[in-house]
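Engineer: File follows, data15.cif with mmCIF, C-alpha atoms:
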```cif
data_coords
#
loop_
_atom_site.label_atom_id
_atom_site.label_comp_id
_atom_site.auth_asym_id
_atom_site.auth_seq_id
_atom_site.Cartn_x
_atom_site.Cartn_y
_atom_site.Cartn_z
CA MET A 1 54.50 17.60 26.74
CA ARG A 2 56.71 19.39 29.25
CA THR A 3 60.41 19.19 28.44
CA PRO A 4 62.22 17.26 31.21
CA THR A 5 64.18 19.54 33.53
CA SER A 6 67.93 19.20 33.55
CA ILE A 7 68.07 19.38 37.35
CA THR A 8 68.64 15.81 38.47
CA VAL A 9 67.55 16.49 42.04
CA LEU A 10 64.19 17.77 40.85
CA VAL A 11 63.64 14.73 38.66
CA LEU A 12 64.53 12.44 41.53
CA MET A 13 62.19 14.18 43.95
CA ALA A 14 59.35 14.23 41.43
CA SER A 15 59.87 10.54 40.84
CA ILE A 16 59.91 9.70 44.53
CA LEU A 17 56.77 11.70 45.21
CA SER A 18 55.06 10.37 42.05
CA LEU A 19 53.89 13.88 41.27
CA ASN A 20 53.48 13.11 37.60
CA SER A 21 51.18 10.16 38.01
CA CYS A 22 48.95 9.31 40.94
CA ILE A 23 49.26 11.99 43.57
CA SER A 24 45.95 12.69 45.30
CA MET A 25 44.60 16.13 46.08
CA GLY A 26 44.94 15.45 49.78
CA ALA A 27 48.59 14.51 49.46
CA ALA A 28 49.24 17.53 47.28
CA MET A 29 47.71 19.78 49.91
CA THR A 30 49.79 18.21 52.65
CA MET A 31 53.06 18.60 50.76
CA THR A 32 52.40 22.19 49.81
CA LYS A 33 51.38 23.18 53.33
CA HIS A 34 54.69 21.79 54.55
CA ASN A 35 56.56 24.02 52.08
CA SER A 36 57.43 27.49 53.29
CA GLY A 37 57.43 29.17 49.88
CA LEU A 38 54.25 29.28 47.84
CA HIS A 39 54.63 31.12 44.57
CA PRO A 40 51.90 33.77 44.42
CA ILE A 41 49.14 33.07 41.93
CA ILE A 42 47.29 35.61 39.80
CA LEU A 43 44.00 34.38 38.33
CA ILE A 44 42.83 35.86 35.02
CA PRO A 45 39.15 35.14 34.25
CA GLY A 46 37.59 34.41 30.90
CA SER A 47 35.05 36.52 29.02
CA GLY A 48 32.15 37.37 31.32
CA GLY A 49 34.02 35.86 34.26
CA ASN A 50 34.06 38.91 36.51
CA GLN A 51 31.68 41.63 37.61
CA LEU A 52 31.37 44.84 35.64
CA GLU A 53 29.85 48.04 37.03
CA ALA A 54 28.24 50.95 35.19
CA GLN A 55 27.07 54.48 35.85
CA LEU A 56 24.59 56.23 33.57
CA THR A 57 25.31 59.92 33.07
CA SER A 58 23.18 62.73 31.67
CA ASP A 59 24.48 61.86 28.19
CA TYR A 60 22.72 58.49 28.32
CA LYS A 61 19.58 58.54 26.18
CA PRO A 62 17.27 55.63 27.08
CA SER A 63 15.62 53.95 24.13
CA SER A 64 12.45 53.29 26.14
CA LEU A 65 10.80 54.10 29.46
CA PHE A 66 12.05 50.79 30.82
CA CYS A 67 15.64 51.89 30.26
CA HIS A 68 15.41 54.70 32.79
CA LEU A 69 16.18 52.06 35.44
CA HIS A 70 19.52 52.85 37.15
CA LYS A 71 19.85 56.28 35.54
CA GLY A 72 21.02 58.83 38.08
CA THR A 73 21.43 56.25 40.85
CA GLY A 74 25.22 56.00 40.76
CA TRP A 75 27.25 52.88 40.20
CA TYR A 76 25.44 49.55 39.83
CA ARG A 77 26.40 46.03 38.78
CA MET A 78 25.82 45.77 35.04
CA TRP A 79 27.25 42.27 34.76
CA PHE A 80 25.70 40.15 35.97
CA ASP A 81 22.38 41.97 36.31
CA PRO A 82 19.38 39.61 36.75
CA THR A 83 17.09 42.17 35.06
CA VAL A 84 18.54 40.89 31.78
CA LEU A 85 16.10 37.98 32.21
CA VAL A 86 13.11 40.31 31.85
CA ALA A 87 12.38 40.79 28.13
CA PRO A 88 11.77 44.58 28.12
CA LEU A 89 14.95 45.13 30.13
CA THR A 90 17.09 42.80 28.01
CA ARG A 91 17.22 45.48 25.33
CA CYS A 92 18.29 48.07 27.92
CA PHE A 93 21.07 45.80 29.11
CA ALA A 94 22.26 45.23 25.56
CA GLU A 95 22.39 48.90 24.60
CA ARG A 96 24.41 49.71 27.72
CA MET A 97 26.86 46.89 27.11
CA MET A 98 27.46 47.99 23.51
CA ILE A 99 30.84 49.37 22.55
CA TYR A 100 31.48 51.25 19.32
CA TYR A 101 34.40 51.36 16.92
CA HIS A 102 35.42 54.92 16.01
CA SER A 103 37.36 55.00 12.77
CA ASP A 104 38.71 58.50 13.48
CA ILE A 105 40.63 57.25 16.52
CA ASN A 106 40.92 53.64 15.30
CA ASP A 107 39.68 52.34 18.65
CA TYR A 108 36.62 51.34 20.65
CA ARG A 109 34.65 53.30 23.25
CA ASN A 110 31.58 52.80 25.45
CA ALA A 111 28.08 53.82 24.41
CA PRO A 112 27.42 57.54 25.05
CA GLY A 113 26.52 58.23 28.67
CA VAL A 114 27.68 54.86 29.97
CA ASP A 115 30.69 54.88 32.27
CA THR A 116 32.08 51.52 33.32
CA ARG A 117 34.58 50.19 35.83
CA VAL A 118 35.87 46.82 36.99
CA PRO A 119 35.50 46.31 40.76
CA HIS A 120 37.76 44.37 43.11
CA PHE A 121 40.95 44.42 41.04
CA GLY A 122 43.48 42.25 42.82
CA SER A 123 40.93 40.42 44.98
CA THR A 124 38.92 37.26 44.36
CA LYS A 125 35.67 39.01 45.40
CA GLY A 126 34.57 40.00 41.91
CA MET A 127 34.77 36.60 40.25
CA LEU A 128 33.74 34.04 42.85
CA TYR A 129 30.15 34.82 41.87
CA LEU A 130 28.97 37.17 39.14
CA ASP A 131 26.13 38.20 41.48
CA PRO A 132 26.76 37.51 45.20
CA ASN A 133 22.99 37.52 45.76
CA LEU A 134 22.55 34.65 43.29
CA LYS A 135 25.46 32.42 44.23
CA GLY A 136 23.84 29.21 43.04
CA LEU A 137 23.16 30.62 39.57
CA THR A 138 26.25 32.78 39.03
CA GLU A 139 29.09 30.78 40.57
CA TYR A 140 32.30 31.16 38.57
CA MET A 141 35.72 30.57 40.16
CA ALA A 142 34.53 29.86 43.71
CA PRO A 143 35.38 26.11 43.61
CA LEU A 144 38.84 26.76 42.16
CA VAL A 145 39.58 29.47 44.71
CA SER A 146 38.42 27.18 47.52
CA SER A 147 40.79 24.46 46.32
CA LEU A 148 43.71 26.89 46.19
CA GLU A 149 42.87 28.18 49.67
CA GLN A 150 43.11 24.62 50.97
CA LEU A 151 46.67 24.59 49.64
CA GLY A 152 47.42 27.59 51.84
CA TYR A 153 46.77 30.42 49.39
CA GLN A 154 45.20 33.56 50.85
CA ASP A 155 43.30 36.31 49.09
CA ASN A 156 45.36 39.46 48.50
CA GLN A 157 48.43 37.85 50.06
CA THR A 158 49.44 34.94 47.87
CA LEU A 159 46.30 34.77 45.71
CA PHE A 160 45.31 37.65 43.45
CA VAL A 161 42.86 38.21 40.60
CA ALA A 162 43.16 40.45 37.54
CA PRO A 163 39.60 41.09 36.28
CA TYR A 164 39.02 43.25 33.22
CA ASP A 165 36.38 44.77 30.96
CA PHE A 166 35.93 41.68 28.82
CA ARG A 167 34.07 43.54 26.07
CA TYR A 168 37.37 45.03 24.98
CA GLY A 169 40.26 43.16 23.46
CA LEU A 170 43.64 43.99 22.01
CA ALA A 171 44.84 44.96 18.56
CA ALA A 172 48.00 44.40 16.59
CA ASN A 173 50.87 46.53 17.90
CA SER A 174 50.50 49.23 15.26
CA HIS A 175 46.92 50.03 16.38
CA PRO A 176 45.69 51.73 19.56
CA SER A 177 43.70 49.75 22.09
CA LYS A 178 43.25 52.06 25.06
CA VAL A 179 41.27 49.80 27.38
CA GLY A 180 43.09 46.55 26.59
CA THR A 181 46.52 48.16 26.79
CA GLN A 182 45.70 49.77 30.13
CA TYR A 183 44.64 46.36 31.41
CA LEU A 184 48.00 44.86 30.45
CA GLU A 185 49.74 47.69 32.30
CA ASP A 186 47.61 47.07 35.39
CA LEU A 187 48.26 43.33 35.17
CA LYS A 188 52.00 43.93 34.88
CA ALA A 189 51.94 46.17 37.94
CA LEU A 190 49.98 43.53 39.87
CA ILE A 191 52.54 40.87 38.95
CA GLU A 192 55.41 43.05 40.17
CA SER A 193 53.53 43.95 43.36
CA ALA A 194 52.62 40.30 44.09
CA ALA A 195 56.25 39.26 43.64
CA ALA A 196 57.53 42.10 45.83
CA SER A 197 55.11 41.27 48.64
CA ASN A 198 56.20 37.61 48.53
CA ASN A 199 59.95 38.08 48.95
CA GLY A 200 60.57 38.34 45.23
CA LYS A 201 59.08 34.96 44.36
CA GLN A 202 58.01 34.66 40.74
CA VAL A 203 54.29 34.66 40.02
CA ILE A 204 52.20 31.82 38.59
CA LEU A 205 49.66 33.14 36.09
CA MET A 206 46.53 30.99 35.84
CA ALA A 207 44.11 32.03 33.11
CA HIS A 208 40.75 30.70 31.99
CA SER A 209 39.55 30.87 28.37
CA LEU A 210 39.99 34.40 26.91
CA GLY A 211 42.22 35.23 29.86
CA GLY A 212 44.89 32.97 28.39
CA LEU A 213 45.08 35.12 25.25
CA PHE A 214 45.57 38.24 27.36
CA ALA A 215 48.22 36.50 29.47
CA LEU A 216 50.25 35.43 26.45
CA GLN A 217 50.02 38.92 24.96
CA LEU A 218 51.26 40.41 28.23
CA LEU A 219 54.28 38.10 28.26
CA ASN A 220 55.18 38.66 24.63
CA ARG A 221 54.84 42.45 24.91
CA ASN A 222 57.46 42.57 27.67
CA SER A 223 61.14 41.74 27.58
CA LEU A 224 62.37 38.19 28.09
CA SER A 225 64.40 39.35 31.09
CA TRP A 226 61.23 40.79 32.72
CA ARG A 227 59.27 37.61 32.04
CA ARG A 228 61.90 35.40 33.60
CA GLN A 229 62.32 37.67 36.59
CA TYR A 230 58.63 37.90 37.47
CA VAL A 231 56.76 34.94 35.93
CA LYS A 232 57.38 31.40 37.12
CA HIS A 233 54.78 29.63 35.00
CA LEU A 234 51.69 30.21 32.86
CA VAL A 235 48.82 27.78 33.43
CA THR A 236 45.92 28.07 30.99
CA LEU A 237 42.50 26.45 31.23
CA SER A 238 40.31 26.01 28.13
CA THR A 239 41.98 28.81 26.17
CA PRO A 240 40.73 29.22 22.56
CA TRP A 241 44.16 29.66 20.99
CA GLY A 242 42.72 29.57 17.49
CA GLY A 243 39.15 30.74 18.06
CA ALA A 244 35.96 28.69 17.93
CA VAL A 245 33.25 27.84 15.40
CA GLN A 246 30.63 28.64 18.04
CA GLN A 247 31.71 32.27 17.82
CA MET A 248 30.30 32.41 14.29
CA LEU A 249 26.92 31.42 15.74
CA THR A 250 27.23 34.27 18.25
CA PHE A 251 27.83 36.78 15.46
CA ALA A 252 25.20 35.35 13.12
CA SER A 253 22.31 34.65 15.50
CA GLY A 254 23.25 35.80 18.99
CA ASN A 255 24.09 33.55 21.90
CA THR A 256 22.40 33.50 25.31
CA LEU A 257 25.45 31.74 26.83
CA GLY A 258 23.12 29.52 28.80
CA VAL A 259 21.17 32.38 30.41
CA PRO A 260 17.53 31.25 30.42
CA LEU A 261 14.55 33.16 29.00
CA VAL A 262 16.70 35.53 26.94
CA ASN A 263 16.00 36.05 23.22
CA PRO A 264 19.41 35.77 21.51
CA LEU A 265 18.40 38.33 18.87
CA LEU A 266 18.06 41.00 21.56
CA VAL A 267 21.72 40.62 22.59
CA ARG A 268 23.15 39.92 19.12
CA SER A 269 24.10 43.52 18.31
CA GLU A 270 25.84 43.91 21.66
CA GLN A 271 27.77 40.67 21.15
CA ARG A 272 28.80 41.71 17.65
CA SER A 273 30.11 45.01 18.98
CA SER A 274 32.47 43.31 21.42
CA GLU A 275 36.08 43.72 20.34
CA SER A 276 37.12 40.58 22.22
CA ASN A 277 34.49 38.49 20.43
CA GLN A 278 36.19 39.19 17.09
CA TRP A 279 39.41 37.89 18.65
CA ILE A 280 37.78 34.47 19.10
CA LEU A 281 36.44 34.00 15.57
CA PRO A 282 38.00 30.93 13.87
CA ASN A 283 41.63 31.66 13.02
CA PRO A 284 42.41 31.41 9.26
CA SER A 285 45.93 30.11 9.95
CA LEU A 286 44.44 27.17 11.87
CA PHE A 287 41.02 26.34 10.38
CA ARG A 288 42.10 27.33 6.86
CA SER A 289 39.65 26.43 4.08
CA ARG A 290 37.49 23.98 6.04
CA ILE A 291 33.78 24.79 5.60
CA LEU A 292 32.49 26.06 8.94
CA LEU A 293 29.13 27.53 8.01
CA ILE A 294 26.59 26.83 5.27
CA SER A 295 23.77 29.18 4.33
CA THR A 296 21.28 27.26 2.23
CA PRO A 297 18.98 30.18 1.24
CA ASN A 298 21.74 31.87 -0.77
CA ASN A 299 23.86 28.78 -1.44
CA LYS A 300 26.90 30.23 0.32
CA THR A 301 29.56 28.54 2.35
CA TYR A 302 32.07 30.18 4.66
CA SER A 303 35.46 29.08 5.89
CA SER A 304 37.74 30.96 8.27
CA LEU A 305 39.30 32.54 5.16
CA ASP A 306 35.94 34.14 4.35
CA MET A 307 35.42 35.95 7.65
CA PRO A 308 35.22 39.51 6.21
CA GLN A 309 32.55 38.38 3.75
CA PHE A 310 30.75 36.51 6.52
CA LEU A 311 30.62 39.63 8.70
CA GLU A 312 29.23 41.64 5.80
CA ASP A 313 26.63 39.03 4.84
CA ILE A 314 25.21 38.78 8.37
CA GLY A 315 24.68 42.54 8.35
CA PHE A 316 27.71 43.62 10.35
CA LYS A 317 29.60 45.63 7.76
CA GLU A 318 31.03 47.94 10.40
CA GLY A 319 32.98 45.01 11.82
CA VAL A 320 34.86 44.22 8.61
CA GLU A 321 37.54 46.90 8.72
CA PRO A 322 38.46 46.45 12.41
CA TYR A 323 38.65 42.71 11.85
CA LYS A 324 40.96 43.00 8.85
CA ALA A 325 43.19 45.75 10.25
CA ARG A 326 43.27 45.05 13.98
CA ILE A 327 42.46 41.37 14.54
CA LEU A 328 44.01 39.44 11.65
CA PRO A 329 47.57 40.67 12.30
CA LEU A 330 47.07 39.98 16.02
CA ILE A 331 46.10 36.33 15.62
CA GLU A 332 48.42 35.38 12.79
CA LYS A 333 50.97 33.66 15.03
CA LEU A 334 51.50 32.79 18.68
CA ASP A 335 54.99 33.69 19.81
CA LYS A 336 56.57 31.51 22.48
CA PRO A 337 56.87 33.38 25.78
CA GLY A 338 60.07 31.71 27.00
CA VAL A 339 58.54 30.81 30.37
CA PRO A 340 57.03 27.36 31.11
CA VAL A 341 53.43 26.87 30.00
CA THR A 342 50.93 24.24 31.14
CA CYS A 343 47.87 24.05 28.94
CA MET A 344 44.85 22.15 30.35
CA VAL A 345 41.99 21.37 27.98
CA GLY A 346 38.75 19.44 28.06
CA THR A 347 38.16 16.86 25.34
CA ASP A 348 35.51 14.41 24.13
CA VAL A 349 32.66 16.88 24.59
CA GLU A 350 30.34 17.58 21.64
CA THR A 351 31.40 20.95 20.20
CA PRO A 352 29.96 22.90 17.25
CA HIS A 353 31.95 21.89 14.19
CA ARG A 354 29.78 23.25 11.39
CA LEU A 355 26.65 25.44 11.28
CA VAL A 356 23.93 25.00 8.68
CA TYR A 357 21.38 27.80 8.26
CA GLY A 358 18.08 27.09 6.56
CA ALA A 359 15.15 29.10 5.25
CA GLY A 360 14.97 31.25 8.39
CA GLY A 361 18.35 32.76 7.63
CA PHE A 362 20.62 34.14 10.31
CA ASP A 363 17.69 35.17 12.53
CA ALA A 364 16.92 31.51 13.18
CA GLU A 365 18.89 28.91 15.06
CA PRO A 366 21.04 26.75 12.77
CA GLN A 367 21.44 23.01 12.53
CA VAL A 368 24.67 22.20 14.33
CA ASP A 369 27.09 19.44 13.34
CA TYR A 370 29.35 18.45 16.19
CA GLY A 371 32.97 17.45 16.55
CA ASP A 372 35.52 17.11 19.37
CA GLY A 373 36.35 19.84 21.85
CA ASP A 374 35.24 21.10 25.26
CA GLY A 375 31.68 21.99 24.25
CA THR A 376 32.65 25.55 23.36
CA VAL A 377 36.11 25.49 21.78
CA ASN A 378 37.14 23.07 19.04
CA LEU A 379 39.92 20.62 19.83
CA ILE A 380 42.13 21.92 17.02
CA SER A 381 42.07 25.35 18.71
CA LEU A 382 42.59 24.04 22.25
CA LEU A 383 45.66 22.09 21.07
CA ARG A 384 47.16 24.83 18.90
CA LEU A 385 50.15 25.34 21.21
CA GLU A 386 50.94 21.63 21.05
CA SER A 387 50.82 21.57 17.26
CA GLU A 388 52.91 24.72 16.81
CA TRP A 389 55.33 24.63 19.76
CA SER A 390 56.03 20.93 20.32
CA GLY A 391 59.67 20.00 19.94
CA SER A 392 60.90 23.52 20.64
CA LYS A 393 64.12 23.56 22.64
CA ASN A 394 63.40 27.03 23.99
CA GLN A 395 59.86 26.53 25.23
CA VAL A 396 58.66 24.25 28.04
CA LEU A 397 55.11 23.12 27.26
CA ASP A 398 52.93 20.60 29.08
CA VAL A 399 49.53 19.81 27.53
CA ILE A 400 47.10 18.02 29.84
CA LYS A 401 43.89 16.60 28.38
CA LEU A 402 40.84 16.15 30.59
CA PRO A 403 38.34 13.81 28.85
CA GLY A 404 34.70 14.72 29.34
CA VAL A 405 35.41 18.08 31.02
CA SER A 406 33.59 21.05 29.46
CA HIS A 407 34.80 24.61 28.91
CA SER A 408 33.35 25.97 32.16
CA ASP A 409 33.35 22.77 34.22
CA ILE A 410 37.15 22.82 34.20
CA LEU A 411 36.77 25.34 37.05
CA LYS A 412 34.65 23.05 39.24
CA ASP A 413 34.90 19.43 38.06
CA LYS A 414 36.47 17.34 40.84
CA GLY A 415 38.95 15.59 38.56
CA ALA A 416 39.92 18.85 36.86
CA LEU A 417 40.47 20.59 40.19
CA GLU A 418 42.64 17.70 41.37
CA GLN A 419 44.77 18.05 38.23
CA ILE A 420 45.06 21.82 38.70
CA ILE A 421 46.14 21.36 42.32
CA ARG A 422 48.59 18.67 41.27
CA SER A 423 50.17 21.00 38.71
CA ILE A 424 50.39 23.93 41.13
CA THR A 425 51.98 21.63 43.70
CA GLU A 426 54.60 20.51 41.19
CA ILE A 427 55.44 24.08 40.31
CA ASN A 428 55.83 25.00 43.97
CA MET A 429 57.92 21.88 44.61
CA GLU A 430 60.30 23.02 41.90
CA TYR A 431 60.91 26.13 43.98
CA VAL A 432 61.55 24.13 47.14
CA THR A 433 63.93 21.77 45.36
CA LEU A 434 65.94 24.58 43.81
CA LYS A 435 66.18 26.36 47.20
CA GLU A 436 67.48 23.19 48.80
#
```
Give the structure from this file in structure tokens form.
Structural biologist:
Amino acid sequence: MRTPTSITVLVLMASILSLNSCISMGAAMTMTKHNSGLHPIILIPGSGGNQLEAQLTSDYKPSSLFCHLHKGTGWYRMWFDPTVLVAPLTRCFAERMMIYYHSDINDYRNAPGVDTRVPHFGSTKGMLYLDPNLKGLTEYMAPLVSSLEQLGYQDNQTLFVAPYDFRYGLAANSHPSKVGTQYLEDLKALIESAAASNNGKQVILMAHSLGGLFALQLLNRNSLSWRRQYVKHLVTLSTPWGGAVQQMLTFASGNTLGVPLVNPLLVRSEQRSSESNQWILPNPSLFRSRILLISTPNNKTYSSLDMPQFLEDIGFKEGVEPYKARILPLIEKLDKPGVPVTCMVGTDVETPHRLVYGAGGFDAEPQVDYGDGDGTVNLISLLRLESEWSGSKNQVLDVIKLPGVSHSDILKDKGALEQIIRSITEINMEYVTLKE
């Protein structure tokens, strides 16, 4: 839980206002609107949480006649593209989304002939809805943004967004990661710009899912003096600090991520190619020797310690070396950032705990045994910061559990939004108290 502040006035005010217990969203909004100094917020989406655009050049070689769609037409929205729902076009979508590891440069690149870009950097426009024409089906952070706007936050003034190409991840410091490293540089510049345009106020980083891993990496790859000058607080929502068992299902059999009518086998190769997906495989330092997957046809079992063998056995040998060299050193430990962290997690939702594959092998859906978590990420992973950082004198950490709230519903569930607003209000009240 968060370490009590040593500032008596702040404690007194928090006590009087009952900010830590029963404050309502309406009261929180009223108090914050009466405060003159909102700390700017930068939202960092999770994997697949923002739009991604592509342009097909003359080097793009379609695998079928269907895949000529969009070629030579300029930039188009690749994610989310509703044509993925049409079976012949699903394969086209997957081959364009593929990224490839090049051992000669020890890094990842797009498929030949596919240029990509991330639109609306800095603005909320690219992650309210993944497709503005299908708002009901592709809503992402719209409810959260609406709640923050009711507090007085305004797009591109006090509220910013740092979208990214979520196919790419990061690697241990000794390895290049061109796309991921450039993103951290862009995020750092956005933080400094947001602070400068708000009279030097420190920024609140709020990250969902994979975005929390990027945020922590950004903090720990910059000096402590920079962090404390520019970052007021890190708030994470549903971050998989130690990976997730469900990610093994994604690699083994493909995962439609809830998109209807899509054959998971058609997107499996694309999902395996994603550098960021390897980042979310179950962490050996956390899951250790616990059996996570059973393959009955060949009488094999796999724990997080067996991940290289697992990748080879599912037919993804090309992923073994990048995993061992780039990912394992990256996920070995989570360094404390030295700025306050609030970690919000859903609990008490059935979450894949163990996968059992039968006669159909990895091309068939497995039997799933369930345990606790948020429906996507296992509880042991969600609470990793609490287990590793609790009791530290140099790290403020507040872990807030939200029973019954799923991985994605944390962005729209009424109770979850109330808790998020309550936390943001507290952080802003700290500023007001210190100024007074």
Engineer: Could you give me, as a PyMOL selection string, the residues within 12 Å of Ala194 in chain A, counting only C-alpha atoms and dropping anything in the same chain fewer than 4 positions from it?
Structural biologist: chain A and resi 38-43+122-123+155-162+187-190+198-205+230-231
Engineer: Tell me, as an MDAnalysis selection string, which residues lie within 10 Å of range 372-382 of chain A, counting all atoms listed in the file; anything in the same chain fewer than 5 positions away does not count.
Structural biologist: chainID A and resid 209 237:247 280 282:283 286:287 343:353 387 399 401:410
Engineer: Could you write out as a CSV table (one decimal) with C-alpha atoms, in the frame of the given file the residues that the PyMOL selection byres ((chain A and resi 215) around 9) matches in the shown file?
Structural biologist:
```csv
chain,number,residue,atom,x,y,z
A,44,ILE,CA,42.8,35.9,35.0
A,184,LEU,CA,48.0,44.9,30.4
A,187,LEU,CA,48.3,43.3,35.2
A,205,LEU,CA,49.7,33.1,36.1
A,206,MET,CA,46.5,31.0,35.8
A,207,ALA,CA,44.1,32.0,33.1
A,210,LEU,CA,40.0,34.4,26.9
A,211,GLY,CA,42.2,35.2,29.9
A,212,GLY,CA,44.9,33.0,28.4
A,213,LEU,CA,45.1,35.1,25.2
A,214,PHE,CA,45.6,38.2,27.4
A,216,LEU,CA,50.2,35.4,26.4
A,217,GLN,CA,50.0,38.9,25.0
A,218,LEU,CA,51.3,40.4,28.2
A,219,LEU,CA,54.3,38.1,28.3
A,220,ASN,CA,55.2,38.7,24.6
A,234,LEU,CA,51.7,30.2,32.9
A,236,THR,CA,45.9,28.1,31.0
```
Engineer: Could you please determine the separation between CA of Met307 in chain A and CA of Lys324 in chain A in Å, to one decimal place?
Structural biologist: 9.0 Å
Engineer: Apply the PyMOL selection byres ((chain A and resi 74) around 10) to the displayed file and report the matching residues as a ChimeraX atom specification.
Structural biologist: /A:53-57,70-73,75-76
Engineer: Evaluate the PyMOL selection byres ((chain A and resi 252-266) around 8) and record the selected residues as a VMD selection string, following the chain and residue labels used in the document.
Structural biologist: chain A and resid 84 to 87 90 to 91 94 248 to 251 267 to 269 271 314 362 to 365
Engineer: Generate the missing atoms of range 34-52 of chain A up to N, CA and C atoms and report them as a PDB file, keeping the file's coordinate frame.
Structural biologist:
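out.pdb written:
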```
ATOM      1  N   HIS A  34      53.434  21.978  53.867  1.00  0.00           N
ATOM      2  CA  HIS A  34      54.690  21.790  54.550  1.00  0.00           C
ATOM      3  C   HIS A  34      55.813  22.607  53.917  1.00  0.00           C
ATOM      4  N   ASN A  35      55.560  23.183  52.745  1.00  0.00           N
ATOM      5  CA  ASN A  35      56.560  24.020  52.080  1.00  0.00           C
ATOM      6  C   ASN A  35      56.405  25.450  52.551  1.00  0.00           C
ATOM      7  N   SER A  36      57.498  26.129  52.782  1.00  0.00           N
ATOM      8  CA  SER A  36      57.430  27.490  53.290  1.00  0.00           C
ATOM      9  C   SER A  36      57.201  28.514  52.198  1.00  0.00           C
ATOM     10  N   GLY A  37      57.469  28.172  50.942  1.00  0.00           N
ATOM     11  CA  GLY A  37      57.430  29.170  49.880  1.00  0.00           C
ATOM     12  C   GLY A  37      56.443  28.882  48.793  1.00  0.00           C
ATOM     13  N   LEU A  38      55.214  29.369  48.937  1.00  0.00           N
ATOM     14  CA  LEU A  38      54.250  29.280  47.840  1.00  0.00           C
ATOM     15  C   LEU A  38      54.514  30.410  46.853  1.00  0.00           C
ATOM     16  N   HIS A  39      54.584  30.076  45.587  1.00  0.00           N
ATOM     17  CA  HIS A  39      54.630  31.120  44.570  1.00  0.00           C
ATOM     18  C   HIS A  39      53.260  31.784  44.521  1.00  0.00           C
ATOM     19  N   PRO A  40      53.198  33.112  44.531  1.00  0.00           N
ATOM     20  CA  PRO A  40      51.900  33.770  44.420  1.00  0.00           C
ATOM     21  C   PRO A  40      51.231  33.434  43.089  1.00  0.00           C
ATOM     22  N   ILE A  41      49.925  33.369  43.122  1.00  0.00           N
ATOM     23  CA  ILE A  41      49.140  33.070  41.930  1.00  0.00           C
ATOM     24  C   ILE A  41      48.277  34.277  41.582  1.00  0.00           C
ATOM     25  N   ILE A  42      48.229  34.611  40.295  1.00  0.00           N
ATOM     26  CA  ILE A  42      47.290  35.610  39.800  1.00  0.00           C
ATOM     27  C   ILE A  42      46.331  34.926  38.844  1.00  0.00           C
ATOM     28  N   LEU A  43      45.044  34.970  39.166  1.00  0.00           N
ATOM     29  CA  LEU A  43      44.000  34.380  38.330  1.00  0.00           C
ATOM     30  C   LEU A  43      43.506  35.415  37.325  1.00  0.00           C
ATOM     31  N   ILE A  44      43.359  34.986  36.075  1.00  0.00           N
ATOM     32  CA  ILE A  44      42.830  35.860  35.020  1.00  0.00           C
ATOM     33  C   ILE A  44      41.573  35.190  34.470  1.00  0.00           C
ATOM     34  N   PRO A  45      40.406  35.782  34.675  1.00  0.00           N
ATOM     35  CA  PRO A  45      39.150  35.140  34.250  1.00  0.00           C
ATOM     36  C   PRO A  45      38.953  35.162  32.748  1.00  0.00           C
ATOM     37  N   GLY A  46      37.968  34.417  32.302  1.00  0.00           N
ATOM     38  CA  GLY A  46      37.590  34.410  30.900  1.00  0.00           C
ATOM     39  C   GLY A  46      36.554  35.489  30.627  1.00  0.00           C
ATOM     40  N   SER A  47      36.054  35.528  29.403  1.00  0.00           N
ATOM     41  CA  SER A  47      35.050  36.520  29.020  1.00  0.00           C
ATOM     42  C   SER A  47      33.786  36.348  29.856  1.00  0.00           C
ATOM     43  N   GLY A  48      33.340  37.429  30.471  1.00  0.00           N
ATOM     44  CA  GLY A  48      32.150  37.370  31.320  1.00  0.00           C
ATOM     45  C   GLY A  48      32.411  36.772  32.670  1.00  0.00           C
ATOM     46  N   GLY A  49      33.672  36.560  33.024  1.00  0.00           N
ATOM     47  CA  GLY A  49      34.020  35.860  34.260  1.00  0.00           C
ATOM     48  C   GLY A  49      34.239  36.748  35.460  1.00  0.00           C
ATOM     49  N   ASN A  50      33.962  38.033  35.338  1.00  0.00           N
ATOM     50  CA  ASN A  50      34.060  38.910  36.510  1.00  0.00           C
ATOM     51  C   ASN A  50      32.974  39.983  36.431  1.00  0.00           C
ATOM     52  N   GLN A  51      32.711  40.603  37.548  1.00  0.00           N
ATOM     53  CA  GLN A  51      31.680  41.630  37.610  1.00  0.00           C
ATOM     54  C   GLN A  51      32.123  42.880  36.867  1.00  0.00           C
ATOM     55  N   LEU A  52      31.141  43.593  36.355  1.00  0.00           N
ATOM     56  CA  LEU A  52      31.370  44.840  35.640  1.00  0.00           C
ATOM     57  C   LEU A  52      30.324  45.841  36.126  1.00  0.00           C
TER      58      LEU A  52
END
```
